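Below is the file query.txt, which contains compact mmCIF, C-alpha atoms and all ligand atoms.
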# COMPACT_ATOMS: atom_id res chain seq x y z
CA VAL A 1 7.88 -8.69 30.76
CA THR A 2 7.16 -6.51 33.74
CA THR A 3 5.00 -3.56 32.95
CA SER A 4 5.13 -0.63 35.29
CA SER A 5 2.97 2.40 34.77
CA THR A 6 6.07 4.58 34.49
CA SER A 7 7.44 2.60 31.57
CA VAL A 8 4.09 2.97 29.82
CA GLU A 9 4.20 6.71 30.34
CA THR A 10 7.62 7.00 28.76
CA ILE A 11 6.49 5.47 25.50
CA HIS A 12 6.10 8.21 22.97
CA PHE A 13 4.99 6.97 19.58
CA ASP A 14 4.74 9.87 17.17
CA MET A 15 3.86 8.83 13.61
CA TYR A 16 5.45 12.03 12.31
CA ASP A 17 8.83 11.37 13.95
CA ARG A 18 11.24 10.76 11.04
CA GLU A 19 13.74 8.80 13.12
CA LEU A 20 11.06 6.39 14.28
CA TYR A 21 9.77 6.13 10.74
CA ALA A 22 13.26 5.18 9.59
CA SER A 23 13.55 2.51 12.24
CA PRO A 24 10.29 1.75 14.07
CA TYR A 25 10.78 -1.86 15.14
CA ALA A 26 12.16 -1.42 18.65
CA MET A 27 9.26 0.95 19.34
CA TYR A 28 6.80 -1.54 17.88
CA ARG A 29 8.06 -4.21 20.28
CA ARG A 30 7.56 -1.89 23.23
CA LEU A 31 4.09 -0.97 22.05
CA ARG A 32 3.08 -4.63 21.67
CA ASP A 33 4.53 -5.62 25.04
CA GLU A 34 3.86 -2.58 27.20
CA ALA A 35 1.07 -0.58 25.58
CA PRO A 36 -0.94 -2.77 23.19
CA LEU A 37 -3.57 -0.04 23.20
CA TYR A 38 -1.44 3.08 23.04
CA HIS A 39 -2.93 6.55 23.34
CA ASN A 40 -1.21 9.54 21.82
CA GLU A 41 -2.83 12.55 23.46
CA GLU A 42 -1.00 15.15 21.45
CA TYR A 43 -2.42 13.96 18.13
CA GLY A 44 -5.48 12.28 19.54
CA PHE A 45 -5.17 8.74 18.24
CA PHE A 46 -5.04 5.25 19.68
CA ALA A 47 -2.64 2.72 18.18
CA VAL A 48 -2.96 -1.07 18.13
CA SER A 49 0.18 -3.01 17.41
CA ARG A 50 -0.55 -6.67 18.13
CA TYR A 51 -1.64 -8.80 15.20
CA GLU A 52 -4.76 -10.04 16.96
CA ASP A 53 -5.99 -6.58 17.93
CA ALA A 54 -5.20 -4.97 14.59
CA ALA A 55 -6.97 -7.75 12.68
CA GLN A 56 -9.98 -7.43 14.99
CA VAL A 57 -10.22 -3.68 14.37
CA LEU A 58 -9.91 -4.10 10.59
CA VAL A 59 -12.47 -6.86 10.35
CA ASP A 60 -15.14 -5.26 12.57
CA ARG A 61 -16.40 -2.74 10.05
CA ASP A 62 -19.50 -1.84 12.06
CA THR A 63 -17.55 -0.68 15.10
CA PHE A 64 -14.49 0.69 13.32
CA ILE A 65 -15.56 2.61 10.24
CA SER A 66 -13.63 3.89 7.22
CA GLY A 67 -16.14 6.58 6.31
CA LYS A 68 -14.18 9.33 8.05
CA GLY A 69 -11.01 8.35 6.22
CA SER A 70 -8.61 5.43 6.46
CA VAL A 71 -5.56 7.59 6.98
CA TYR A 72 -5.11 9.48 10.21
CA GLN A 73 -4.70 12.97 8.70
CA ILE A 74 -8.04 12.79 6.90
CA ALA A 75 -9.95 11.19 9.80
CA ALA A 76 -8.56 13.80 12.20
CA ALA A 77 -9.34 16.75 9.95
CA GLY A 78 -12.87 15.70 9.07
CA ILE A 79 -12.35 16.27 5.34
CA ASP A 80 -15.34 15.34 3.18
CA MET A 81 -14.62 12.85 0.43
CA PRO A 82 -16.51 12.42 -2.85
CA ASP A 83 -18.94 9.52 -3.39
CA GLY A 84 -17.38 6.46 -4.90
CA LEU A 85 -14.01 6.73 -3.16
CA PHE A 86 -14.82 3.36 -1.64
CA ILE A 87 -11.60 2.96 0.34
CA PHE A 88 -13.26 5.63 2.56
CA GLU A 89 -16.74 4.11 2.53
CA ASP A 90 -18.79 1.79 4.73
CA PRO A 91 -21.74 -0.50 3.97
CA PRO A 92 -23.90 -0.44 1.98
CA LEU A 93 -22.10 1.84 -0.52
CA HIS A 94 -18.68 0.30 -0.01
CA ALA A 95 -19.85 -3.16 -1.05
CA ILE A 96 -21.70 -1.88 -4.14
CA HIS A 97 -18.77 0.18 -5.38
CA ARG A 98 -16.12 -2.37 -4.53
CA ALA A 99 -18.01 -5.13 -6.35
CA LEU A 100 -18.08 -3.03 -9.52
CA VAL A 101 -14.35 -2.54 -9.52
CA ALA A 102 -13.54 -6.05 -8.20
CA ARG A 103 -14.75 -7.69 -11.42
CA LEU A 104 -11.75 -6.09 -13.10
CA PHE A 105 -9.26 -7.61 -10.68
CA THR A 106 -10.19 -11.27 -11.13
CA PRO A 107 -7.29 -13.75 -11.27
CA ARG A 108 -8.02 -14.18 -14.97
CA ALA A 109 -7.87 -10.44 -15.67
CA ILE A 110 -4.59 -10.18 -13.76
CA SER A 111 -2.96 -13.20 -15.37
CA ARG A 112 -3.86 -11.82 -18.80
CA LEU A 113 -1.58 -8.90 -18.00
CA GLU A 114 1.33 -11.08 -16.94
CA PRO A 115 3.11 -11.40 -20.31
CA GLN A 116 3.03 -7.62 -20.82
CA ILE A 117 4.31 -7.02 -17.30
CA VAL A 118 7.17 -9.49 -17.82
CA GLN A 119 8.10 -7.78 -21.06
CA LEU A 120 8.10 -4.30 -19.52
CA PHE A 121 10.04 -5.27 -16.38
CA GLU A 122 12.59 -7.36 -18.31
CA ALA A 123 13.21 -4.46 -20.66
CA SER A 124 13.64 -2.04 -17.74
CA ALA A 125 16.17 -4.34 -16.07
CA GLU A 126 17.94 -4.99 -19.36
CA ALA A 127 18.38 -1.25 -19.91
CA LEU A 128 20.60 -1.17 -16.80
CA VAL A 129 22.96 -3.91 -17.98
CA GLY A 130 26.48 -2.56 -18.39
CA ARG A 131 26.15 0.08 -15.69
CA THR A 132 27.97 -0.40 -12.42
CA GLU A 133 26.06 2.23 -10.43
CA PHE A 134 22.47 3.36 -10.59
CA ASP A 135 19.48 4.19 -8.44
CA PHE A 136 17.24 1.20 -7.77
CA VAL A 137 14.21 3.47 -7.34
CA SER A 138 14.52 6.23 -9.92
CA ASP A 139 16.31 4.14 -12.58
CA PHE A 140 14.24 0.98 -12.14
CA ALA A 141 11.20 0.88 -9.85
CA THR A 142 9.57 4.31 -10.05
CA MET A 143 7.65 4.13 -13.32
CA LEU A 144 6.85 0.40 -13.43
CA PRO A 145 3.64 0.30 -11.33
CA ILE A 146 2.04 3.30 -13.03
CA ARG A 147 2.83 1.70 -16.39
CA VAL A 148 1.08 -1.47 -15.24
CA ILE A 149 -1.94 0.58 -14.24
CA GLY A 150 -1.69 2.15 -17.67
CA MET A 151 -1.96 -1.36 -19.18
CA LEU A 152 -4.85 -2.25 -16.90
CA LEU A 153 -6.84 0.88 -17.67
CA GLY A 154 -5.52 1.46 -21.17
CA LEU A 155 -4.04 4.87 -20.35
CA PRO A 156 -1.86 6.52 -22.95
CA GLU A 157 1.84 6.44 -22.11
CA ARG A 158 2.30 10.20 -22.44
CA ASP A 159 0.26 10.68 -19.24
CA HIS A 160 2.09 8.19 -17.02
CA ALA A 161 4.77 10.53 -15.68
CA GLU A 162 2.27 13.19 -14.62
CA LEU A 163 0.05 10.61 -12.93
CA ARG A 164 2.95 9.06 -11.06
CA ALA A 165 4.21 12.46 -9.85
CA THR A 166 0.77 13.52 -8.64
CA PHE A 167 0.09 10.33 -6.68
CA HIS A 168 3.56 10.29 -5.23
CA LYS A 169 3.09 13.81 -3.95
CA SER A 170 -0.32 13.05 -2.49
CA GLN A 171 1.00 10.08 -0.52
CA ASN A 172 3.84 12.05 0.96
CA GLU A 173 1.86 14.91 2.45
CA ASN A 174 1.49 15.01 6.18
CA THR A 175 -0.75 17.80 7.33
CA ALA A 176 -4.48 17.95 6.84
CA SER A 177 -4.28 21.07 4.69
CA GLU A 178 -1.54 19.55 2.55
CA GLN A 179 -3.64 16.44 2.20
CA HIS A 180 -6.60 18.52 1.22
CA GLU A 181 -4.60 20.42 -1.34
CA SER A 182 -3.02 17.35 -2.80
CA PHE A 183 -6.43 15.75 -2.95
CA SER A 184 -7.42 18.59 -5.25
CA GLY A 185 -4.23 17.80 -7.17
CA THR A 186 -5.36 14.22 -7.46
CA ARG A 187 -8.71 15.42 -8.73
CA SER A 188 -6.97 17.61 -11.26
CA VAL A 189 -5.37 14.60 -12.97
CA ALA A 190 -8.87 13.23 -13.41
CA HIS A 191 -9.02 15.30 -16.60
CA LEU A 192 -6.51 12.85 -18.09
CA PHE A 193 -8.98 10.06 -17.46
CA ASN A 194 -11.82 12.22 -18.73
CA ASP A 195 -10.25 12.78 -22.14
CA TYR A 196 -9.52 9.11 -22.37
CA LEU A 197 -13.06 8.13 -21.38
CA ASP A 198 -14.41 10.32 -24.20
CA PHE A 199 -12.09 8.54 -26.59
CA ARG A 200 -13.07 5.08 -25.31
CA GLN A 201 -16.75 5.86 -25.44
CA ALA A 202 -16.30 6.54 -29.13
CA ASN A 203 -13.83 3.64 -29.65
CA PRO A 204 -14.72 0.72 -27.40
CA THR A 205 -12.15 -2.06 -26.92
CA ASP A 206 -11.70 -4.90 -24.43
CA ASP A 207 -10.02 -2.86 -21.68
CA LEU A 208 -11.09 -1.87 -18.20
CA MET A 209 -12.27 1.58 -19.22
CA THR A 210 -14.64 0.20 -21.83
CA GLU A 211 -15.94 -2.34 -19.35
CA LEU A 212 -16.55 0.29 -16.69
CA LEU A 213 -18.25 2.57 -19.20
CA ASN A 214 -20.76 -0.14 -20.02
CA VAL A 215 -21.28 -1.99 -16.76
CA GLU A 216 -24.81 -1.88 -15.34
CA PHE A 217 -25.46 -2.18 -11.64
CA GLU A 218 -28.09 -1.64 -9.00
CA ASP A 219 -27.34 1.50 -7.02
CA ALA A 220 -28.09 2.14 -3.34
CA GLY A 221 -31.58 3.39 -4.28
CA GLY A 222 -32.36 0.13 -6.14
CA THR A 223 -32.13 1.68 -9.62
CA ARG A 224 -30.38 -0.25 -12.41
CA ARG A 225 -28.08 2.08 -14.28
CA LYS A 226 -24.65 2.74 -15.72
CA LEU A 227 -22.01 4.64 -13.80
CA ARG A 228 -22.04 8.40 -13.98
CA ARG A 229 -18.92 10.07 -15.35
CA GLU A 230 -18.10 11.55 -11.95
CA GLU A 231 -18.27 8.12 -10.28
CA LEU A 232 -16.10 6.58 -12.96
CA LEU A 233 -13.46 9.26 -12.53
CA THR A 234 -13.39 8.64 -8.81
CA PHE A 235 -12.91 4.88 -9.29
CA LEU A 236 -10.12 5.36 -11.79
CA THR A 237 -8.34 7.88 -9.62
CA LEU A 238 -8.63 5.54 -6.63
CA ILE A 239 -7.21 2.56 -8.52
CA ALA A 240 -4.31 4.55 -9.91
CA ALA A 241 -3.58 6.30 -6.61
CA ALA A 242 -3.80 3.12 -4.50
CA GLY A 243 -1.75 1.03 -6.89
CA SER A 244 1.21 3.17 -7.88
CA ASP A 245 3.09 4.54 -4.89
CA THR A 246 2.49 1.51 -2.66
CA THR A 247 3.86 -0.85 -5.28
CA VAL A 248 6.91 1.31 -5.99
CA ASN A 249 7.66 0.97 -2.28
CA ALA A 250 7.26 -2.81 -2.43
CA LEU A 251 9.78 -2.93 -5.29
CA ALA A 252 12.11 -0.54 -3.46
CA TRP A 253 12.05 -2.71 -0.32
CA THR A 254 12.88 -5.71 -2.52
CA GLY A 255 16.02 -3.91 -3.69
CA MET A 256 16.90 -2.74 -0.19
CA LEU A 257 16.28 -5.98 1.70
CA LEU A 258 17.98 -8.30 -0.79
CA GLY A 259 20.81 -5.78 -1.08
CA GLU A 260 21.30 -5.94 2.67
CA HIS A 261 20.87 -9.72 2.97
CA PRO A 262 23.26 -11.32 0.46
CA ASP A 263 22.74 -14.75 2.05
CA GLN A 264 19.00 -14.59 1.30
CA ARG A 265 19.66 -13.25 -2.19
CA ARG A 266 21.99 -16.19 -2.85
CA ARG A 267 19.21 -18.62 -1.88
CA LEU A 268 16.98 -17.01 -4.50
CA VAL A 269 19.68 -17.16 -7.16
CA ASP A 270 20.21 -20.85 -6.36
CA ASP A 271 16.48 -21.61 -6.28
CA PRO A 272 14.37 -19.19 -8.36
CA SER A 273 11.22 -21.10 -7.41
CA LEU A 274 11.44 -19.35 -4.03
CA ALA A 275 10.59 -15.98 -5.62
CA ALA A 276 6.87 -15.89 -4.75
CA ASN A 277 7.59 -16.93 -1.18
CA ALA A 278 10.33 -14.29 -0.92
CA VAL A 279 7.82 -11.65 -1.99
CA GLU A 280 5.52 -12.63 0.90
CA GLU A 281 8.43 -12.33 3.29
CA ILE A 282 9.51 -8.93 1.90
CA LEU A 283 5.93 -7.65 2.27
CA ARG A 284 5.68 -9.03 5.80
CA TYR A 285 9.05 -7.75 6.92
CA GLU A 286 8.81 -4.21 5.54
CA PRO A 287 5.21 -3.40 4.62
CA PRO A 288 4.81 -0.40 2.29
CA SER A 289 1.73 0.59 4.32
CA TYR A 290 2.71 2.52 7.48
CA HIS A 291 -0.65 2.88 9.16
CA ILE A 292 -4.32 2.14 8.48
CA ALA A 293 -6.85 4.25 10.39
CA ARG A 294 -10.43 3.71 11.49
CA THR A 295 -12.92 5.77 13.50
CA VAL A 296 -14.90 4.27 16.37
CA ALA A 297 -18.63 4.31 15.53
CA ALA A 298 -20.00 2.70 18.69
CA GLU A 299 -18.53 2.48 22.18
CA VAL A 300 -16.10 -0.42 22.34
CA GLU A 301 -13.61 -1.95 24.73
CA ILE A 302 -10.05 -2.78 23.67
CA ARG A 303 -7.50 -4.16 26.14
CA GLY A 304 -9.59 -3.09 29.09
CA ARG A 305 -10.16 0.47 27.99
CA THR A 306 -13.43 1.87 26.67
CA LEU A 307 -13.20 3.94 23.51
CA ALA A 308 -15.95 6.44 22.76
CA PRO A 309 -17.50 7.07 19.33
CA GLY A 310 -15.29 9.39 17.31
CA ALA A 311 -12.00 8.02 18.65
CA ILE A 312 -9.41 7.41 15.93
CA VAL A 313 -7.67 4.03 16.02
CA VAL A 314 -4.60 3.40 13.89
CA THR A 315 -3.45 -0.13 13.14
CA LEU A 316 0.23 -0.65 12.46
CA PRO A 317 0.90 -3.37 9.85
CA GLY A 318 4.65 -3.24 10.50
CA ALA A 319 4.10 -3.94 14.19
CA ALA A 320 1.50 -6.68 13.64
CA ASN A 321 3.67 -8.38 11.02
CA ARG A 322 6.45 -8.83 13.57
CA ASP A 323 4.28 -9.87 16.48
CA GLU A 324 5.89 -12.95 18.03
CA ARG A 325 2.40 -13.99 19.17
CA GLN A 326 1.67 -14.56 15.46
CA HIS A 327 5.02 -15.38 13.80
CA ASP A 328 8.01 -17.42 14.99
CA ASP A 329 11.25 -15.48 15.20
CA PRO A 330 9.60 -12.50 13.49
CA GLU A 331 12.65 -10.17 13.43
CA ASN A 332 14.44 -12.66 11.21
CA PHE A 333 14.23 -12.02 7.45
CA ASP A 334 13.93 -15.44 5.86
CA VAL A 335 12.84 -15.91 2.24
CA THR A 336 11.93 -19.56 2.92
CA ARG A 337 9.51 -18.70 5.75
CA ARG A 338 5.90 -19.88 5.46
CA SER A 339 4.70 -16.53 6.64
CA GLY A 340 0.94 -17.02 6.87
CA GLN A 341 -1.44 -14.17 7.61
CA GLN A 342 -0.03 -10.64 7.61
CA LEU A 343 -1.57 -7.17 7.52
CA THR A 344 0.38 -5.49 4.73
CA PHE A 345 -2.73 -5.43 2.52
CA SER A 346 -5.12 -4.82 5.44
CA PHE A 347 -7.70 -7.42 6.44
CA GLY A 348 -11.45 -7.87 6.14
CA PRO A 349 -13.82 -5.87 3.97
CA HIS A 350 -11.23 -3.34 2.68
CA PHE A 351 -8.55 -5.94 1.94
CA CYS A 352 -6.47 -4.50 -0.90
CA LEU A 353 -8.17 -5.10 -4.22
CA GLY A 354 -4.83 -4.98 -6.01
CA ALA A 355 -3.00 -7.43 -3.73
CA SER A 356 -2.53 -10.17 -6.33
CA LEU A 357 -1.42 -7.63 -8.93
CA ALA A 358 1.04 -6.09 -6.46
CA ARG A 359 2.42 -9.55 -5.58
CA LEU A 360 2.77 -10.41 -9.25
CA GLU A 361 4.60 -7.15 -10.02
CA THR A 362 6.97 -7.58 -7.11
CA ARG A 363 7.79 -11.15 -8.09
CA ILE A 364 8.38 -10.27 -11.73
CA ALA A 365 10.57 -7.30 -10.79
CA LEU A 366 12.59 -9.49 -8.44
CA GLN A 367 13.09 -12.17 -11.10
CA ALA A 368 13.93 -9.69 -13.87
CA PHE A 369 16.45 -7.89 -11.69
CA LEU A 370 18.03 -10.97 -10.12
CA ALA A 371 18.49 -12.67 -13.50
CA ARG A 372 20.79 -9.83 -14.55
CA PHE A 373 22.26 -8.73 -11.24
CA PRO A 374 22.88 -11.65 -8.90
CA ASN A 375 24.98 -9.34 -6.70
CA TRP A 376 24.43 -5.76 -5.66
CA ASN A 377 25.24 -3.49 -2.75
CA VAL A 378 22.99 -0.78 -1.42
CA ASP A 379 24.23 2.42 0.17
CA ARG A 380 21.66 2.79 2.95
CA GLN A 381 23.29 5.93 4.34
CA ALA A 382 22.91 7.70 1.01
CA SER A 383 19.38 6.32 0.43
CA GLU A 384 16.35 8.54 0.95
CA MET A 385 13.14 7.38 2.55
CA THR A 386 9.66 8.47 1.53
CA LYS A 387 8.27 11.34 3.58
CA GLY A 388 4.64 10.61 4.38
CA ILE A 389 2.94 8.57 7.08
CA ASP A 390 0.51 6.57 4.92
CA THR A 391 3.20 4.58 3.18
CA ARG A 392 6.78 3.74 4.03
CA GLY A 393 9.48 3.08 1.48
CA TRP A 394 12.23 4.69 -0.55
CA ASP A 395 12.60 7.60 -2.94
CA SER A 396 16.22 6.78 -3.71
CA ILE A 397 18.47 3.74 -3.23
CA PRO A 398 21.95 4.07 -4.77
CA VAL A 399 23.28 0.63 -5.72
CA THR A 400 26.53 -0.69 -7.11
CA VAL A 401 26.60 -3.94 -9.06
C1 LIG B 501 2.41 -3.61 -2.33
C2 LIG B 501 1.50 -2.80 -2.82
C3 LIG B 501 0.23 -2.44 -2.13
C4 LIG B 501 0.00 -2.28 -0.79
C5 LIG B 501 0.98 -2.42 0.37
C6 LIG B 501 -1.41 -1.94 -0.66
C7 LIG B 501 -2.04 -1.72 0.55
C8 LIG B 501 -3.40 -1.51 0.70
C9 LIG B 501 -4.07 -1.38 1.96
C10 LIG B 501 -3.39 -1.44 3.32
C11 LIG B 501 -5.40 -1.21 1.71
C12 LIG B 501 -6.55 -1.15 2.68
C13 LIG B 501 -6.77 0.13 3.42
C14 LIG B 501 -7.83 -0.05 4.48
O1 LIG B 501 -8.06 -1.15 5.03
O2 LIG B 501 -8.43 0.97 4.81
C15 LIG B 501 -5.56 -1.19 0.27
C16 LIG B 501 -6.76 -1.00 -0.38
C17 LIG B 501 -6.89 -0.89 -1.76
N1 LIG B 501 -5.89 -1.11 -2.70
FE1 LIG B 501 -3.97 -1.61 -2.29
N2 LIG B 501 -1.98 -1.89 -1.89
C18 LIG B 501 -1.03 -2.19 -2.83
C19 LIG B 501 -1.19 -2.27 -4.21
C20 LIG B 501 -2.37 -2.01 -4.87
C21 LIG B 501 -2.55 -2.10 -6.31
C22 LIG B 501 -1.48 -2.51 -7.31
C23 LIG B 501 -3.84 -1.69 -6.58
C24 LIG B 501 -4.57 -1.55 -7.89
C25 LIG B 501 -4.02 -1.33 -9.04
C26 LIG B 501 -4.47 -1.42 -5.30
C27 LIG B 501 -5.78 -1.02 -5.15
C28 LIG B 501 -6.43 -0.90 -3.94
C29 LIG B 501 -7.84 -0.53 -3.82
C30 LIG B 501 -8.79 -0.22 -4.96
C31 LIG B 501 -8.13 -0.52 -2.44
C32 LIG B 501 -9.46 -0.22 -1.77
C33 LIG B 501 -10.16 -1.47 -1.33
C34 LIG B 501 -11.39 -1.21 -0.47
O3 LIG B 501 -11.46 -0.19 0.23
O4 LIG B 501 -12.31 -2.04 -0.50
N3 LIG B 501 -3.55 -1.62 -4.30
N4 LIG B 501 -4.32 -1.38 -0.33
Transcribe the structure of this file into structure tokens.
Amino acid sequence: VTTSSTSVETIHFDMYDRELYASPYAMYRRLRDEAPLYHNEEYGFFAVSRYEDAAQVLVDRDTFISGKGSVYQIAAAGIDMPDGLFIFEDPPLHAIHRALVARLFTPRAISRLEPQIVQLFEASAEALVGRTEFDFVSDFATMLPIRVIGMLLGLPERDHAELRATFHKSQNENTASEQHESFSGTRSVAHLFNDYLDFRQANPTDDLMTELLNVEFEDAGGTRRKLRREELLTFLTLIAAAGSDTTVNALAWTGMLLGEHPDQRRRLVDDPSLAANAVEEILRYEPPSYHIARTVAAEVEIRGRTLAPGAIVVTLPGAANRDERQHDDPENFDVTRRSGQQLTFSFGPHFCLGASLARLETRIALQAFLARFPNWNVDRQASEMTKGIDTRGWDSIPVTV
């Protein structure tokens, strides 16, 4: 590839551009080849698109911090976040808070949920049997992940719809003031958790809420104590917010990609044991995470350019996941691929805590759906994409079966 300075100047990567969002992969190739450290002056961010660079940024938590926000809008606006929202924290607090919540996401805890998840997803797919047209998102995917979080946390079913709507809204807001407002919205659903915490305090059981109410830990000041109510609410909001919209998008991409690739779908029908591998490929090929941001804490050089403290760097999982320096024939969607390392769930200290749960949900949804509908067509023209820049997926996918 010849790189002239003029071709670099003509690259214009705008995360808010809806056409690019709909179809970013040609741009990603140009970024990787011609501007691996891209600077957008209008918005004031740098973008890294190669796998190697993005992984390096995400793993080097001392140089590239999360404390200013791990989405661009928040980092750029300098919005203050409450303590305990550990996705936006750095050491030492991040490690303390993450460890508290991580004990609830052990493989054992997740596999205990599996039978309930299978039952719920099978029933949701079964409810569609007999219909010839429906919406893969609103009639199937939308409520499943929040219901799983409901199982995990023990949340009453009557609150699921409100929680889902609030988190969906907050992840589809683009401006700093909208983000700020929707963050207050997110805080306002905390009252649902609050009522439930009162109830669980009085009626302990073996769920996550009870465990979090009773867990003792050593805080940053060295004191052994239980979590304060405010901290608990922040954790619960974070888990529910991080695990609902993202996973709906993973399910939606499953419907879209297998709808558009009947040859790959046929391979899965013929060999159901490929399901887990297919999920990896779906997550690699169309990651539900659109960008992951960091802020430079100490002067650093990337690709020959020095970045000063305060610079915002966004990593692009979708670009890194199709980097031919990392994957063979990366533009090819192949459910039998041994895909190896990808950045859909980030990398390093903030690696998604819910990754195994999200993989499990996507696999079970795929199996439940495919068992009943071995053939379906998607109407991509009539489908509607999500509207934010944190995540990337679908609000509506009309299908015929
Ligand atoms: C396919 C679905 C999902 C995707 C694509 C996804 C993606 C991500 C990404 C990219 C991050 C890291 C952000 C960063 O590095 O700054 C993250 C963190 C996190 N995710 Fe997920 N996620 C998914 C599902 C879930 C689920 C189901 C849960 C829990 C129920 C969850 C809980 C979390 C939590 C608690 C964090 C914060 C970890 C930390 O900062 O240490 N996620 N997720």
At a cut-off of 7 Å, can you tabulate as CSV every residue of chain A near ligand LIG 501 (chain B) together with its closest atom pair and the distance in Å to one decimal, using only C-alpha atoms and all ligand atoms and ordering rows by chain then number?
residue,atom,partner,partner_atom,distance
A:Leu58,CA,B:LIG501,O1,6.6
A:Ser66,CA,B:LIG501,O2,6.4
A:Ser70,CA,B:LIG501,O2,4.8
A:Phe86,CA,B:LIG501,O3,5.2
A:Ile87,CA,B:LIG501,O3,3.2
A:Phe88,CA,B:LIG501,O3,6.5
A:His94,CA,B:LIG501,O4,6.8
A:Arg98,CA,B:LIG501,O4,5.6
A:Ile149,CA,B:LIG501,C25,5.9
A:Leu238,CA,B:LIG501,C30,6.0
A:Ile239,CA,B:LIG501,C30,4.8
A:Ala240,CA,B:LIG501,C25,6.0
A:Ala242,CA,B:LIG501,C27,4.6
A:Gly243,CA,B:LIG501,C21,3.3
A:Ser244,CA,B:LIG501,C22,6.3
A:Thr246,CA,B:LIG501,C2,4.4
A:Thr247,CA,B:LIG501,C2,3.9
A:Asn249,CA,B:LIG501,C1,7.0
A:Ala250,CA,B:LIG501,C1,4.9
A:Pro287,CA,B:LIG501,C5,6.1
A:Pro288,CA,B:LIG501,C5,4.7
A:Ser289,CA,B:LIG501,C5,5.0
A:Ile292,CA,B:LIG501,O2,5.6
A:Ala293,CA,B:LIG501,O2,6.7
A:Thr344,CA,B:LIG501,C5,5.4
A:Phe345,CA,B:LIG501,C10,4.1
A:Ser346,CA,B:LIG501,C10,4.3
A:Phe347,CA,B:LIG501,O1,6.4
A:Pro349,CA,B:LIG501,O4,6.1
A:His350,CA,B:LIG501,O4,3.6
A:Phe351,CA,B:LIG501,C12,5.2
A:Cys352,CA,B:LIG501,C16,3.6
A:Leu353,CA,B:LIG501,C28,4.6
A:Gly354,CA,B:LIG501,C23,3.5
A:Ala355,CA,B:LIG501,C19,5.5
A:Leu357,CA,B:LIG501,C22,5.4
A:Ala358,CA,B:LIG501,C22,4.5
A:Arg359,CA,B:LIG501,C1,6.8
Using all atoms of region 150-165 of chain A listed in the file and a margin of 4 Å per side, can you give the axis-aligned box centre and edge lengths in Å to one decimal, as JSON?
{"center_x": -1.0, "center_y": 5.5, "center_z": -16.4, "size_x": 19.6, "size_y": 23.4, "size_z": 21.1}
Smallest atom-to-atom distance to Met256 (chain A): which of A:Val148, A:Met385, A:Ala76, A:Ala241, using all atoms listed in the file?
A:Met385
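CA of Glu281 (chain A) sits 5.8 Å away from CA of Val335 (chain A).
Interatomic distance, CA of Leu128 (chain A) to CA of Asp270 (chain A): 22.3 Å.
Compared by their closest atoms to Asp334 (chain A), and using only C-alpha atoms, the residues A:Ile312, A:Leu268, A:Ala102, A:Leu208 rank with A:Leu268 nearest.
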Pull out region 78-106 of chain A, keep C-alpha atoms, and write it as a compact mmCIF listing (two decimals), in the first residue's frame.
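Writing the result to out34.txt gives the following:
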# COMPACT_ATOMS: atom_id res chain seq x y z
CA GLY A 78 -15.51 15.64 31.79
CA ILE A 79 -18.61 14.33 33.56
CA ASP A 80 -18.02 13.17 37.13
CA MET A 81 -19.08 9.62 37.87
CA PRO A 82 -20.08 8.16 41.23
CA ASP A 83 -17.71 5.91 43.22
CA GLY A 84 -18.10 2.24 42.50
CA LEU A 85 -18.86 2.56 38.79
CA PHE A 86 -15.75 0.51 38.23
CA ILE A 87 -15.94 0.38 34.44
CA PHE A 88 -14.83 4.05 34.80
CA GLU A 89 -12.21 3.45 37.49
CA ASP A 90 -8.47 2.86 37.66
CA PRO A 91 -6.27 1.15 40.26
CA PRO A 92 -6.50 0.75 43.17
CA LEU A 93 -10.29 1.22 43.37
CA HIS A 94 -11.04 -0.60 40.13
CA ALA A 95 -9.43 -3.82 41.33
CA ILE A 96 -11.16 -3.73 44.72
CA HIS A 97 -14.60 -3.12 43.26
CA ARG A 98 -14.22 -5.50 40.36
CA ALA A 99 -13.09 -8.32 42.65
CA LEU A 100 -16.24 -7.92 44.73
CA VAL A 101 -18.50 -8.28 41.75
CA ALA A 102 -16.33 -10.89 39.98
CA ARG A 103 -17.07 -13.52 42.63
CA LEU A 104 -20.63 -13.52 41.31
CA PHE A 105 -19.57 -14.27 37.74
CA THR A 106 -17.59 -17.45 38.39
